[in-house]
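Undergrad: This is the structure I want to talk about, given as structure tokens.
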Amino acid sequence: AEKYRIVNISCGQLLREAVAAETRFGETIKPYVESRQPVPDAMVMKCISQRLSKLDCSTLGWVMHGFPHHVAQAELLKDAGFLSNRVFFMELPEDAVVERLSLRMVDPTTGKRYHSIYKPAPNSEVYTRCKINPKDFDENVQKALEVYRTNISELEQFYRPVIRVNADQDPHTVFEYIESCIVKPLPKQQNAFI
């Protein structure tokens, strides 16, 4: 997103920013966010619609992650007129997903993110103060994978054709593949009235 100046939209980040801004909407969703409960779809859609309606999204384009999780949410996006021209599915063996997520940590002092294997904390002092987000605990990652397995095939059908990405590679290889799919022109739509 950064290289092509495409707007990067994280659903979770949008919700956290709304809470931090202490707006009326932020106060409404605050109990959900603080208790780590799912925010109702209608409320999430309100937040996403506001963001996708901004000028930068309509002129530069957008990439979204963290939404939709299931077909009902995908339908909400479609009904609101937000259609994606490409949908990428990052494929990764489940053991690699668990490893990548459950070993993440954040330094609460600096906000820097680390990973026990891929980006270790620079020293033992930083490592000892690092915290793991409860959503990254192994049992929570397993629950999230179960939800993913339940919904993935319906989402694939909804967004056909999807672009599958082997995400079990180094980040540069993954980026190059995604980039090759982004710069490739979209196929021309057939006129239904021929």
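Ordered as shown in the structure tokens, chains take letters A, B, and onward, while each chain numbers its residues from 1 and ligands are numbered from 1 in the order shown.
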Write out as a PyMOL selection string each polymer residue whose atoms come within 8 Å of segment 72-81 of chain A, counting only C-alpha atoms; drop sequence neighbours fewer than 4 positions from it.
TA: chain A and resi 41+45+49+67-68+155+158
Undergrad: Could you pull the residues within 7 Å of segment 88-103 of chain A, counting only C-alpha atoms, minus those fewer than 6 positions along the same chain, as number ranges by chain?
TA: A: 115-116, 136-138, 141, 162-168
Undergrad: Based on DSSP run over this structure's backbone, return all residues of segment 75-136 of chain A in strand (DSSP E or B), as number ranges by chain.
TA: A: 88-91, 104-106, 113-115, 119, 131
Undergrad: Could those residues be written to a file, using C-alpha atoms, as a compact mmCIF listing (two decimals), in the first residue's frame?
TA:
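Below you can see again30.txt, which holds the result:
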```
# COMPACT_ATOMS: atom_id res chain seq x y z
CA PHE A 88 -6.02 -11.74 -2.13
CA PHE A 89 -6.09 -14.82 0.07
CA MET A 90 -2.86 -15.29 1.97
CA GLU A 91 -2.29 -19.03 2.32
CA ARG A 104 4.48 -11.68 18.72
CA MET A 105 5.00 -9.13 21.47
CA VAL A 106 4.99 -5.37 22.00
CA ARG A 113 6.78 -4.81 17.91
CA TYR A 114 8.93 -7.90 18.19
CA HIS A 115 8.73 -11.59 17.45
CA LYS A 119 12.52 -10.05 15.13
CA LYS A 131 3.75 -7.97 26.51
```
Undergrad: With distances taken over only C-alpha atoms, which of A:Val44, A:Leu52, A:Ala21, A:Ala144 is nearest to Ile9 of chain A?
TA: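 Between A:Val44, A:Leu52, A:Ala21, A:Ala144, the residue approaching Ile9 of chain A most closely is A:Leu52.
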Undergrad: I'd like to know which residues of segment 20-164 of chain A are helix (DSSP H, G or I) (by DSSP, run on the backbone); could you write them as a PyMOL selection string?
TA: chain A and resi 20+24-34+41-52+55-60+71-79+94-102+124-129+134-136+138-158
Undergrad: Give me the residues near Leu60 of chain A as a count of residues only, where near means some atom within 6 Å (using only C-alpha atoms) and where sequence neighbours in that chain fewer than 3 positions away do not count.
TA: 3
Undergrad: Go through A:Pro31, A:Pro108, A:Pro171, A:Gly66 one by one, measure the shortest atom-to-atom distance of each to Asn133 of chain A using only C-alpha atoms, and give the residue with the smallest value.
TA: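 So, comparing all the options, the nearest one is A:Pro108.
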Undergrad: Nearest to Ser35 of chain A among A:Val174, A:Glu156, A:Ile182, A:Lys135, with distances taken over only C-alpha atoms: which residue is it?
TA: A:Lys135
Undergrad: Please list as a list in words every residue within 10 Å of Ile152 of chain A, counting only C-alpha atoms and excluding residues in the same chain fewer than 5 positions away.
TA: His69, His70, Val71, Phe89, Val147, Gln157 and Phe158 of chain A
